[in-house]
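Participant: File entry_8.cif below, mmCIF, C-alpha atoms:
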```
data_work
loop_
_atom_site.label_atom_id
_atom_site.label_comp_id
_atom_site.auth_asym_id
_atom_site.auth_seq_id
_atom_site.Cartn_x
_atom_site.Cartn_y
_atom_site.Cartn_z
CA VAL K 823 12.98 -7.03 88.12
CA GLY K 824 10.26 -9.59 87.45
CA LYS K 825 11.98 -12.41 89.34
CA ALA K 826 12.98 -10.18 92.25
CA ASN K 827 9.45 -8.87 92.77
CA GLY K 828 7.39 -11.86 91.64
CA TYR K 829 5.64 -10.16 88.74
CA VAL K 830 3.56 -12.22 86.32
CA THR K 831 1.97 -9.46 84.24
CA LEU K 832 3.04 -6.07 82.93
CA GLY K 833 0.21 -4.48 84.89
CA GLU K 834 1.58 -5.88 88.16
CA MET K 835 4.98 -4.41 87.41
CA LEU K 836 3.61 -0.94 86.69
CA SER K 837 1.11 -1.02 89.55
CA ASP K 838 3.87 -1.85 92.02
CA ARG K 839 6.02 1.02 90.76
CA PHE K 840 3.31 3.67 90.56
CA GLY K 841 0.93 2.49 93.28
CA SER K 842 -1.98 2.56 90.87
CA VAL K 843 -4.65 -0.08 90.35
CA GLY K 844 -6.10 2.10 87.60
CA LEU K 845 -2.88 1.96 85.58
CA ARG K 846 -2.77 -1.80 86.05
CA VAL K 847 -6.33 -2.14 84.76
CA LEU K 848 -5.67 0.23 81.84
CA VAL K 849 -2.60 -1.65 80.62
CA ALA K 850 -4.35 -5.02 80.98
CA ALA K 851 -7.40 -3.82 79.05
CA ILE K 852 -5.22 -2.41 76.26
CA SER K 853 -3.20 -5.63 76.05
CA ILE K 854 -6.27 -7.85 75.87
CA PHE K 855 -7.83 -5.56 73.25
CA TRP K 856 -4.83 -5.83 70.90
CA LEU K 857 -4.39 -9.52 71.63
CA PHE K 858 -7.82 -10.15 70.12
CA PRO K 859 -6.94 -9.41 66.45
CA TYR K 860 -3.70 -11.36 66.72
CA VAL K 861 -5.43 -14.50 67.96
CA MET K 862 -7.97 -13.97 65.19
CA LEU K 863 -5.11 -13.81 62.69
CA GLN K 864 -3.92 -17.27 63.76
CA GLN K 865 -7.40 -18.72 63.35
CA GLN K 866 -7.85 -17.07 59.97
CA GLY K 867 -4.51 -18.42 58.78
CA ALA K 868 -5.35 -21.93 59.98
CA GLY K 869 -8.75 -21.91 58.31
CA THR K 870 -7.47 -20.70 54.94
CA ALA K 871 -4.56 -23.16 54.98
CA ILE K 872 -6.77 -26.18 55.67
CA GLU K 873 -9.32 -25.06 53.10
CA ALA K 874 -6.62 -24.64 50.44
CA LEU K 875 -4.94 -27.96 51.27
CA THR K 876 -8.19 -29.90 50.99
CA GLY K 877 -9.34 -28.07 47.88
CA GLY K 878 -12.38 -26.74 49.71
CA ALA K 879 -13.49 -30.14 51.05
CA VAL K 880 -12.97 -28.74 54.55
CA PRO K 881 -14.45 -25.22 54.52
CA TYR K 882 -12.72 -22.28 56.16
CA TRP K 883 -15.09 -22.15 59.13
CA ALA K 884 -14.62 -25.85 59.91
CA GLY K 885 -10.83 -25.68 59.79
CA ALA K 886 -10.60 -22.54 61.91
CA GLY K 887 -13.27 -23.82 64.30
CA GLY K 888 -11.59 -27.19 64.76
CA ILE K 889 -8.25 -25.58 65.56
CA THR K 890 -9.98 -23.24 68.01
CA LEU K 891 -11.66 -26.09 69.90
CA PHE K 892 -8.41 -28.03 70.10
CA MET K 893 -6.56 -25.00 71.47
CA ILE K 894 -9.23 -24.30 74.08
CA ALA K 895 -9.00 -27.88 75.30
CA TYR K 896 -5.27 -28.13 75.80
CA VAL K 897 -4.73 -24.55 77.01
CA ALA K 898 -7.34 -25.09 79.73
CA LEU K 899 -5.66 -28.34 80.79
CA SER K 900 -1.93 -27.63 80.35
CA GLY K 901 -1.00 -24.43 82.15
CA MET K 902 2.22 -22.43 81.63
CA ARG K 903 4.69 -25.33 81.89
CA GLY K 904 2.68 -27.54 79.55
CA ILE K 905 2.29 -24.72 77.03
CA ALA K 906 6.04 -24.05 77.13
CA TRP K 907 6.79 -27.66 76.16
CA THR K 908 4.14 -27.82 73.44
CA ASP K 909 5.37 -24.49 72.04
CA THR K 910 8.92 -25.84 71.88
CA LEU K 911 7.91 -29.04 70.10
CA GLN K 912 5.51 -27.28 67.73
CA GLY K 913 8.08 -24.63 66.87
CA ALA K 914 10.77 -27.23 66.16
CA PHE K 915 8.37 -29.20 63.96
CA MET K 916 7.47 -26.08 61.97
CA LEU K 917 11.13 -25.14 61.49
CA VAL K 918 11.99 -28.59 60.14
CA MET K 919 9.00 -28.69 57.80
CA VAL K 920 9.47 -25.21 56.31
CA TRP K 921 13.07 -26.04 55.40
CA ALA K 922 11.99 -29.41 54.01
CA ALA K 923 9.42 -27.59 51.85
CA PHE K 924 12.07 -25.10 50.74
CA VAL K 925 14.43 -27.88 49.63
CA TRP K 926 11.69 -29.91 47.91
CA VAL K 927 10.18 -27.00 45.97
CA ALA K 928 13.62 -25.68 45.03
CA GLY K 929 14.54 -29.10 43.66
CA ALA K 930 11.28 -29.43 41.74
CA ALA K 931 11.75 -25.95 40.25
CA GLY K 932 15.29 -26.65 39.04
CA GLY K 933 17.22 -25.30 42.00
CA VAL K 934 17.35 -22.10 44.01
CA GLY K 935 18.99 -20.15 41.19
CA SER K 936 16.49 -21.32 38.59
CA ALA K 937 13.44 -20.61 40.77
CA THR K 938 14.75 -17.14 41.61
CA ALA K 939 15.61 -16.40 37.98
CA THR K 940 12.09 -17.42 36.92
CA LEU K 941 10.69 -15.05 39.52
CA GLY K 942 12.87 -12.25 38.11
CA ASP K 943 11.60 -12.92 34.59
CA VAL K 944 7.94 -12.94 35.63
CA GLU K 945 7.90 -10.29 38.36
CA GLY K 946 11.23 -8.48 38.46
CA ASN K 947 10.18 -5.97 41.10
CA PHE K 948 9.96 -8.85 43.61
CA LEU K 949 13.77 -8.91 43.55
CA ALA K 950 14.16 -5.14 43.84
CA LEU K 951 14.77 -3.34 47.11
CA GLY K 952 11.75 -1.15 47.82
CA GLY K 953 9.49 0.41 45.24
CA GLY K 954 5.76 1.06 45.18
CA LEU K 955 4.25 0.59 48.63
CA TYR K 956 7.60 -0.43 50.11
CA THR K 957 9.16 2.98 50.61
CA PRO K 958 12.02 3.30 53.13
CA GLN K 959 9.58 4.96 55.54
CA TYR K 960 7.08 2.11 55.22
CA VAL K 961 9.73 -0.58 55.67
CA LEU K 962 11.29 1.14 58.68
CA SER K 963 7.88 1.85 60.21
CA THR K 964 6.93 -1.81 59.94
CA ALA K 965 10.26 -2.95 61.39
CA VAL K 966 10.02 -0.52 64.32
CA SER K 967 6.40 -1.47 65.08
CA ILE K 968 7.21 -5.18 65.10
CA ALA K 969 10.45 -4.83 67.07
CA PHE K 970 8.89 -2.74 69.83
CA GLY K 971 5.42 -4.27 69.66
CA ILE K 972 6.55 -7.83 70.18
CA THR K 973 8.16 -6.95 73.52
CA MET K 974 4.76 -5.85 74.82
CA PHE K 975 2.90 -9.02 73.84
CA PRO K 976 1.68 -10.63 77.08
CA GLN K 977 3.15 -14.04 76.29
CA VAL K 978 6.55 -12.49 75.55
CA ASN K 979 7.01 -10.28 78.60
CA GLN K 980 5.63 -13.04 80.83
CA ARG K 981 8.46 -15.26 79.67
CA PHE K 982 10.87 -12.51 80.66
CA PHE K 983 9.29 -12.43 84.12
CA VAL K 984 9.62 -16.17 84.71
CA ALA K 985 13.21 -16.50 83.47
CA GLU K 986 15.46 -18.17 86.04
CA SER K 987 18.13 -15.47 85.81
CA LYS K 988 19.55 -12.59 83.81
CA ALA K 989 21.91 -15.06 82.16
CA VAL K 990 18.97 -17.00 80.70
CA ILE K 991 17.56 -13.85 79.13
CA LYS K 992 20.98 -12.81 77.83
CA ARG K 993 21.42 -16.21 76.18
CA THR K 994 17.93 -16.16 74.72
CA LEU K 995 17.84 -12.69 73.17
CA PRO K 996 20.71 -13.22 70.67
CA LEU K 997 18.96 -16.38 69.44
CA TRP K 998 15.79 -14.47 68.55
CA PRO K 999 17.02 -12.83 65.29
CA VAL K 1000 18.70 -16.08 64.28
CA LEU K 1001 15.46 -18.04 64.69
CA VAL K 1002 13.52 -15.33 62.86
CA LEU K 1003 15.85 -15.64 59.87
CA LEU K 1004 15.77 -19.44 59.96
CA LEU K 1005 11.97 -19.44 59.89
CA PHE K 1006 11.10 -16.44 57.73
CA VAL K 1007 13.70 -16.65 54.94
CA PRO K 1008 12.52 -20.02 53.54
CA ALA K 1009 8.87 -19.07 54.06
CA PHE K 1010 9.28 -15.75 52.24
CA MET K 1011 11.25 -17.39 49.43
CA LEU K 1012 8.52 -19.99 48.93
CA GLY K 1013 5.90 -17.26 48.71
CA ALA K 1014 7.97 -15.26 46.23
CA TRP K 1015 8.80 -18.29 44.10
CA ALA K 1016 5.10 -19.10 43.89
CA LYS K 1017 4.58 -15.87 41.96
CA GLY K 1018 7.26 -16.76 39.45
CA LEU K 1019 5.97 -20.31 39.11
CA GLY K 1020 2.49 -19.13 38.17
CA ILE K 1021 0.67 -19.96 41.40
CA GLN K 1022 -2.37 -17.70 41.67
CA ALA K 1023 -3.74 -16.85 45.10
CA GLY K 1024 -6.34 -14.28 46.05
CA PRO K 1025 -5.83 -11.69 48.81
CA GLN K 1026 -7.61 -13.91 51.36
CA GLU K 1027 -5.90 -17.14 50.26
CA ASN K 1028 -2.83 -18.88 51.64
CA VAL K 1029 -0.35 -19.41 48.82
CA LEU K 1030 1.76 -22.12 50.51
CA PRO K 1031 -0.78 -24.99 50.23
CA LEU K 1032 -1.37 -24.09 46.57
CA LEU K 1033 2.36 -24.16 45.85
CA LEU K 1034 2.83 -27.45 47.69
CA ALA K 1035 -0.14 -29.03 45.91
CA GLU K 1036 1.49 -28.21 42.59
CA TYR K 1037 5.08 -29.26 43.32
CA THR K 1038 5.00 -31.86 46.12
CA PRO K 1039 3.06 -35.07 46.91
CA ALA K 1040 -0.15 -34.73 48.88
CA TRP K 1041 1.30 -36.47 51.96
CA PHE K 1042 4.22 -34.05 52.09
CA ALA K 1043 1.99 -31.01 51.60
CA ALA K 1044 -0.16 -32.24 54.48
CA LEU K 1045 2.91 -32.50 56.73
CA VAL K 1046 4.04 -28.97 55.90
CA VAL K 1047 0.59 -27.52 56.51
CA ALA K 1048 0.51 -29.47 59.77
CA GLY K 1049 3.77 -27.72 60.64
CA ALA K 1050 2.16 -24.38 59.87
CA MET K 1051 -0.80 -25.33 62.07
CA ALA K 1052 1.63 -26.21 64.85
CA ALA K 1053 3.27 -22.80 64.59
CA MET K 1054 -0.09 -21.04 64.65
CA MET K 1055 -1.21 -23.02 67.68
CA SER K 1056 2.08 -22.44 69.49
CA SER K 1057 1.44 -18.70 69.19
CA SER K 1058 -2.27 -18.78 69.94
CA ASP K 1059 -2.10 -21.05 72.98
CA SER K 1060 0.47 -18.79 74.64
CA MET K 1061 -1.64 -15.74 73.85
CA LEU K 1062 -4.77 -17.32 75.27
CA LEU K 1063 -3.02 -18.39 78.47
CA SER K 1064 -1.37 -14.99 78.92
CA GLY K 1065 -4.58 -13.13 78.11
CA SER K 1066 -6.34 -15.25 80.71
CA SER K 1067 -3.79 -14.31 83.37
CA TYR K 1068 -4.11 -10.62 82.46
CA PHE K 1069 -7.86 -10.90 82.90
CA THR K 1070 -7.78 -12.73 86.22
CA ARG K 1071 -4.77 -11.03 87.84
CA ASP K 1072 -5.14 -7.46 86.53
CA LEU K 1073 -8.89 -7.06 86.07
CA TYR K 1074 -10.70 -9.59 88.26
CA ARG K 1075 -8.36 -9.75 91.28
CA PRO K 1076 -7.95 -5.99 91.98
CA LEU K 1077 -11.56 -5.07 91.16
CA VAL K 1078 -13.48 -7.86 92.90
CA GLU K 1079 -13.13 -7.88 96.68
CA GLU K 1080 -14.40 -11.44 97.20
CA ALA K 1081 -11.99 -12.92 94.65
CA THR K 1082 -10.69 -16.39 95.53
CA GLU K 1083 -8.02 -18.57 93.92
CA GLN K 1084 -10.58 -21.23 92.99
CA ARG K 1085 -12.89 -18.72 91.35
CA GLU K 1086 -9.95 -17.06 89.66
CA ALA K 1087 -8.81 -20.37 88.16
CA PHE K 1088 -12.33 -21.13 86.97
CA LEU K 1089 -12.72 -17.69 85.39
CA GLY K 1090 -9.35 -18.11 83.71
CA ARG K 1091 -10.49 -21.27 81.95
CA VAL K 1092 -13.83 -19.72 81.03
CA GLY K 1093 -12.00 -16.64 79.79
CA VAL K 1094 -9.85 -18.75 77.45
CA ALA K 1095 -12.94 -20.38 75.94
CA VAL K 1096 -14.86 -17.12 75.57
CA PHE K 1097 -11.92 -15.19 74.13
CA ALA K 1098 -11.04 -17.89 71.60
CA THR K 1099 -14.67 -18.32 70.57
CA LEU K 1100 -15.24 -14.59 70.07
CA SER K 1101 -12.07 -14.22 68.02
CA PHE K 1102 -13.12 -17.22 65.89
CA VAL K 1103 -16.55 -15.69 65.24
CA ALA K 1104 -14.91 -12.37 64.34
CA SER K 1105 -12.56 -14.14 61.92
CA LEU K 1106 -15.59 -15.37 59.95
CA PHE K 1107 -16.53 -11.78 59.11
CA GLN K 1108 -13.09 -10.13 58.88
CA PRO K 1109 -12.37 -8.91 55.33
CA ALA K 1110 -8.82 -7.71 56.06
CA THR K 1111 -5.78 -9.70 54.96
CA LEU K 1112 -3.51 -11.47 57.43
CA LEU K 1113 -0.84 -8.82 56.86
CA GLU K 1114 -3.22 -5.99 57.69
CA ILE K 1115 -4.51 -7.68 60.85
CA GLY K 1116 -1.03 -8.51 62.11
CA ASP K 1117 0.32 -5.05 61.35
CA THR K 1118 -2.56 -3.42 63.24
CA ALA K 1119 -2.03 -5.59 66.32
CA PHE K 1120 1.73 -5.02 66.40
CA GLY K 1121 1.15 -1.28 66.12
CA GLY K 1122 -1.24 -1.32 69.06
CA PHE K 1123 1.21 -3.14 71.32
CA ALA K 1124 4.06 -0.90 70.16
CA GLN K 1125 2.30 2.10 71.72
CA LEU K 1126 3.01 0.63 75.16
CA ALA K 1127 6.72 0.09 74.62
CA LEU K 1128 8.20 3.56 75.07
CA PRO K 1129 6.16 4.63 78.12
CA VAL K 1130 7.06 1.31 79.77
CA GLY K 1131 10.71 1.77 78.82
CA VAL K 1132 10.70 5.27 80.31
CA ALA K 1133 9.14 3.92 83.51
CA LEU K 1134 11.85 1.27 83.81
CA TYR K 1135 14.86 3.50 83.21
CA TRP K 1136 13.86 7.03 84.28
CA PRO K 1137 13.12 7.35 88.01
CA LYS K 1138 11.39 10.71 87.55
CA THR K 1139 8.51 9.14 85.62
CA THR K 1140 5.22 9.85 87.41
CA ARG K 1141 1.88 8.10 87.56
CA TRP K 1142 0.21 10.92 85.64
CA GLY K 1143 2.95 10.82 83.04
CA MET K 1144 2.21 7.14 82.49
CA TYR K 1145 -1.53 7.69 82.29
CA ALA K 1146 -1.06 10.48 79.76
CA GLY K 1147 1.58 8.70 77.67
CA VAL K 1148 -0.15 5.32 77.52
CA GLY K 1149 -3.62 6.79 77.04
CA GLY K 1150 -2.56 9.49 74.58
CA SER K 1151 -0.65 7.20 72.24
CA GLN K 1152 -3.42 4.61 72.30
CA LEU K 1153 -6.11 7.19 71.50
CA PHE K 1154 -4.03 8.57 68.64
CA TYR K 1155 -3.41 5.11 67.17
CA LEU K 1156 -7.01 3.95 67.63
CA ALA K 1157 -8.22 7.05 65.80
CA SER K 1158 -5.86 6.32 62.89
CA VAL K 1159 -7.10 2.73 62.68
CA PHE K 1160 -10.84 3.27 63.03
CA LEU K 1161 -11.50 6.83 61.80
CA ALA K 1162 -11.19 7.48 58.08
CA VAL K 1163 -10.57 11.20 58.63
CA VAL K 1164 -7.37 10.50 60.58
CA PRO K 1165 -4.34 9.78 58.33
CA ARG K 1166 -2.64 6.39 58.46
CA SER K 1167 0.76 7.84 57.54
CA TYR K 1168 2.69 11.07 58.06
CA LEU K 1169 5.75 12.96 56.78
CA GLY K 1170 6.21 11.06 53.56
CA GLY K 1171 5.11 7.62 54.69
CA TRP K 1172 5.87 7.13 58.39
CA SER K 1173 3.08 5.00 59.84
CA SER K 1174 0.66 6.20 62.49
CA SER K 1175 2.09 3.48 64.72
CA VAL K 1176 5.55 5.06 64.78
CA VAL K 1177 4.12 8.56 65.11
CA GLY K 1178 1.95 7.34 67.99
CA MET K 1179 5.02 5.89 69.70
CA VAL K 1180 6.71 9.28 69.52
CA VAL K 1181 3.55 10.90 70.90
CA GLY K 1182 3.58 8.44 73.80
CA LEU K 1183 7.25 9.12 74.57
CA VAL K 1184 6.93 12.91 74.44
CA VAL K 1185 3.73 12.99 76.49
CA THR K 1186 5.06 10.57 79.13
CA VAL K 1187 8.22 12.61 79.64
CA GLY K 1188 6.49 15.98 79.35
CA VAL K 1189 3.72 15.27 81.83
CA SER K 1190 6.16 13.60 84.24
CA LEU K 1191 8.28 16.77 84.23
CA VAL K 1192 5.36 18.97 85.26
CA THR K 1193 3.76 16.62 87.82
CA SER K 1194 4.95 15.33 91.16
CA ALA K 1195 5.14 11.73 92.30
CA SER K 1196 2.48 10.68 94.79
CA ALA K 1197 3.31 9.11 98.13
CA ALA K 1198 2.34 5.67 96.78
CA GLU K 1199 4.92 5.76 93.98
CA ASP K 1200 8.23 3.97 94.55
CA ALA K 1201 10.95 4.13 91.91
CA SER K 1202 13.24 1.94 94.02
CA VAL K 1203 11.28 -1.23 93.21
CA TYR K 1204 13.06 -1.41 89.83
CA ALA K 1205 16.51 -0.86 91.36
CA THR K 1206 17.38 -4.52 91.83
CA GLY K 1207 20.57 -6.41 91.28
CA ALA K 1208 18.95 -9.82 91.53
CA ASP K 1209 20.36 -12.53 89.30
#
```
Starting from the file, give its structure as structure tokens.

Facilitator:
Amino acid sequence: VGKANGYVTLGEMLSDRFGSVGLRVLVAAISIFWLFPYVMLQQQGAGTAIEALTGGAVPYWAGAGGITLFMIAYVALSGMRGIAWTDTLQGAFMLVMVWAAFVWVAGAAGGVGSATATLGDVEGNFLALGGGLYTPQYVLSTAVSIAFGITMFPQVNQRFFVAESKAVIKRTLPLWPVLVLLLFVPAFMLGAWAKGLGIQAGPQENVLPLLLAEYTPAWFAALVVAGAMAAMMSSSDSMLLSGSSYFTRDLYRPLVEEATEQREAFLGRVGVAVFATLSFVASLFQPATLLEIGDTAFGGFAQLALPVGVALYWPKTTRWGMYAGVGGSQLFYLASVFLAVVPRSYLGGWSSSVVGMVVGLVVTVGVSLVTSASAAEDASVYATGAD
């Protein structure tokens, strides 16, 4: 659909289908809003990692600020193709380094079996399935929010739009869970082993540099943290570039009559700098942990997934159904995040994110059933067989 119709943003796709600039603006504004905490998460992770690696010689603000300036510079200069190549190289570097760290720490701790057995002796519940906070409802809620939320990230769906063919997407999607396992399993094992090996880290600290400082040479620890920085930057640069295109194409272009390509390009670069700077400043005052920030952002994006899915696959979806579904689920989720009187979980532990997704689905379908499509709506734009 994206290749056949030349879409670059999710807002363009929905606006073309429903003939609505307002829906385009709404989706872009929501996406940029939830992108903010996720970019902030990357900066916070970078700052804490550098601070821990240097033993406080480089303070958090300096590490996070330096990474932010570097990202602003090369995002503004590189563009989509340049970012794609840097993301590939940075991701490959991170993958190699996390496995190197896994092997080194495992060897220093007496092997995988020994390190895991020590963890079981010190903190046995780390090897148990569930328990405490990790109820089946919590685990499933988190998995659902991440699985659906990630598809609505601007940098992810933009890559779907620019794919050369359906075959490229079909080859790419099966690789995603494999790469997730290859990256996350060694990282999670290192974090768990750290507990068994007596590494103490506060809620705002990054445990990996502390573990590496204890069990590996300084030069190797620096390489691994550099790999982590590369991974953080590979995520953030894509987010900044995609957020910039959402701002210029979905907010500036349809709302400003005298918009020009030159001015749009300039505003895009300025937008990258402003967005990254604001998220950096916010990260200096954010008391939440990385897990909490990431979970909140994924939940926000997940609210878009089901209304968008309905729009793609159900021709009877109407403009008003989309407005109601997207707006209703977002309002529900925002209330659960920012208002203490609104519960964060329901029905024995299901998160407000999952409940909000159900709200969005029901409202989108329900309102579409009782409203009629306007003359500007065209369901046929998604009926393409383009390869």

Participant: Which residue is closest to K:Ile854? Choose from K:Gly1182, K:Gly1024, K:Gly1131, K:Gly833 and count all atoms listed in the file.

Facilitator: K:Gly833

Participant: Which value, in Å to one decimal, gives the distance between atom CA of K:Phe1042 and atom CA of K:Gly867?

Facilitator: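 Atom-to-atom, atom CA of K:Phe1042 and atom CA of K:Gly867 are spaced 19.1 Å apart.
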
Participant: State, in Å with one decimal place, the distance from atom CA of K:Leu891 to atom CA of K:Leu857.

Facilitator: 18.2 Å

Participant: I need the residue set behind the PyMOL selection byres ((chain K and resi 834) around 12) for this file; please write it as a count of residues only.

Facilitator: 38

Participant: Would you kindly translate the PyMOL selection byres ((chain K and resi 889) around 12) into the concrete residues it picks from this file, as a ChimeraX atom specification?

Facilitator: /K:861-862,864-872,882-888,890-896,1048,1050-1056,1058-1059,1098-1099,1102

Participant: Could you check the closest approach to K:Leu1045 for each of K:Tyr1145, K:Phe915, K:Trp998, K:Phe970 and tell me which residue wins, using all atoms listed in the file?

Facilitator: K:Phe915

Participant: Have a look at K:Val1103, K:Val934, K:Val880, K:Ala1124 and name the one nearest to K:Val1180; count all atoms listed in the file.

Facilitator: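 Of K:Val1103, K:Val934, K:Val880, K:Ala1124, the one nearest K:Val1180 is K:Ala1124, counting all atoms listed in the file.
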
Participant: Check the smallest atom-to-atom distance from each of K:Trp926, K:Tyr960, K:Phe1120, K:Trp856 to K:Gly1171 using all atoms listed in the file, then report the winner.

Facilitator: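 Ranking K:Trp926, K:Tyr960, K:Phe1120, K:Trp856 by distance to K:Gly1171, first place goes to K:Tyr960.
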
Participant: Assuming the chain letters and numbering stay as they are in my file, what does the PyMOL selection byres ((chain K and resi 874-878) around 9) actually select? List them as a short mmCIF file (atom, residue, chain, number, x, y, z; two decimals) with C-alpha atoms, in the frame of the given file.

Facilitator:
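This is the output file out.cif:
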```cif
data_model
loop_
_atom_site.label_atom_id
_atom_site.label_comp_id
_atom_site.auth_asym_id
_atom_site.auth_seq_id
_atom_site.Cartn_x
_atom_site.Cartn_y
_atom_site.Cartn_z
CA GLY K 869 -8.75 -21.91 58.31
CA THR K 870 -7.47 -20.70 54.94
CA ALA K 871 -4.56 -23.16 54.98
CA ILE K 872 -6.77 -26.18 55.67
CA GLU K 873 -9.32 -25.06 53.10
CA ALA K 879 -13.49 -30.14 51.05
CA VAL K 880 -12.97 -28.74 54.55
CA PRO K 881 -14.45 -25.22 54.52
CA TYR K 882 -12.72 -22.28 56.16
CA GLU K 1027 -5.90 -17.14 50.26
CA ASN K 1028 -2.83 -18.88 51.64
CA VAL K 1029 -0.35 -19.41 48.82
CA LEU K 1030 1.76 -22.12 50.51
CA PRO K 1031 -0.78 -24.99 50.23
CA LEU K 1032 -1.37 -24.09 46.57
CA LEU K 1034 2.83 -27.45 47.69
CA ALA K 1035 -0.14 -29.03 45.91
CA ALA K 1040 -0.15 -34.73 48.88
CA ALA K 1043 1.99 -31.01 51.60
CA ALA K 1044 -0.16 -32.24 54.48
CA VAL K 1047 0.59 -27.52 56.51
#
```

Participant: Between atom CA of K:Ala923 and atom CA of K:Ser936, what is the distance, to one decimal in Å?

Facilitator: 16.3 Å

Participant: From the options K:Thr1082, K:Gln912, K:Thr1140, K:Ser987, which residue's atoms come nearest to K:Ala1197, counting all atoms listed in the file?

Facilitator: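 Closest to K:Ala1197, using all atoms listed in the file: K:Thr1140.
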
Participant: Could you tell me which of K:Ala1016, K:Lys825, K:Ala965, K:Ala950 comes closest to K:Phe982 if we count only C-alpha atoms?

Facilitator: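 Smallest distance to K:Phe982 is found for K:Lys825.
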
Participant: Report as a PyMOL selection string all protein, DNA and RNA residues lying within 12 Å of K:Leu1183, evaluated on all atoms listed in the file, omitting residues in the same chain fewer than 6 positions from it.

Facilitator: chain K and resi 1124-1133+1136+1139+1143-1152+1176-1177+1189-1190
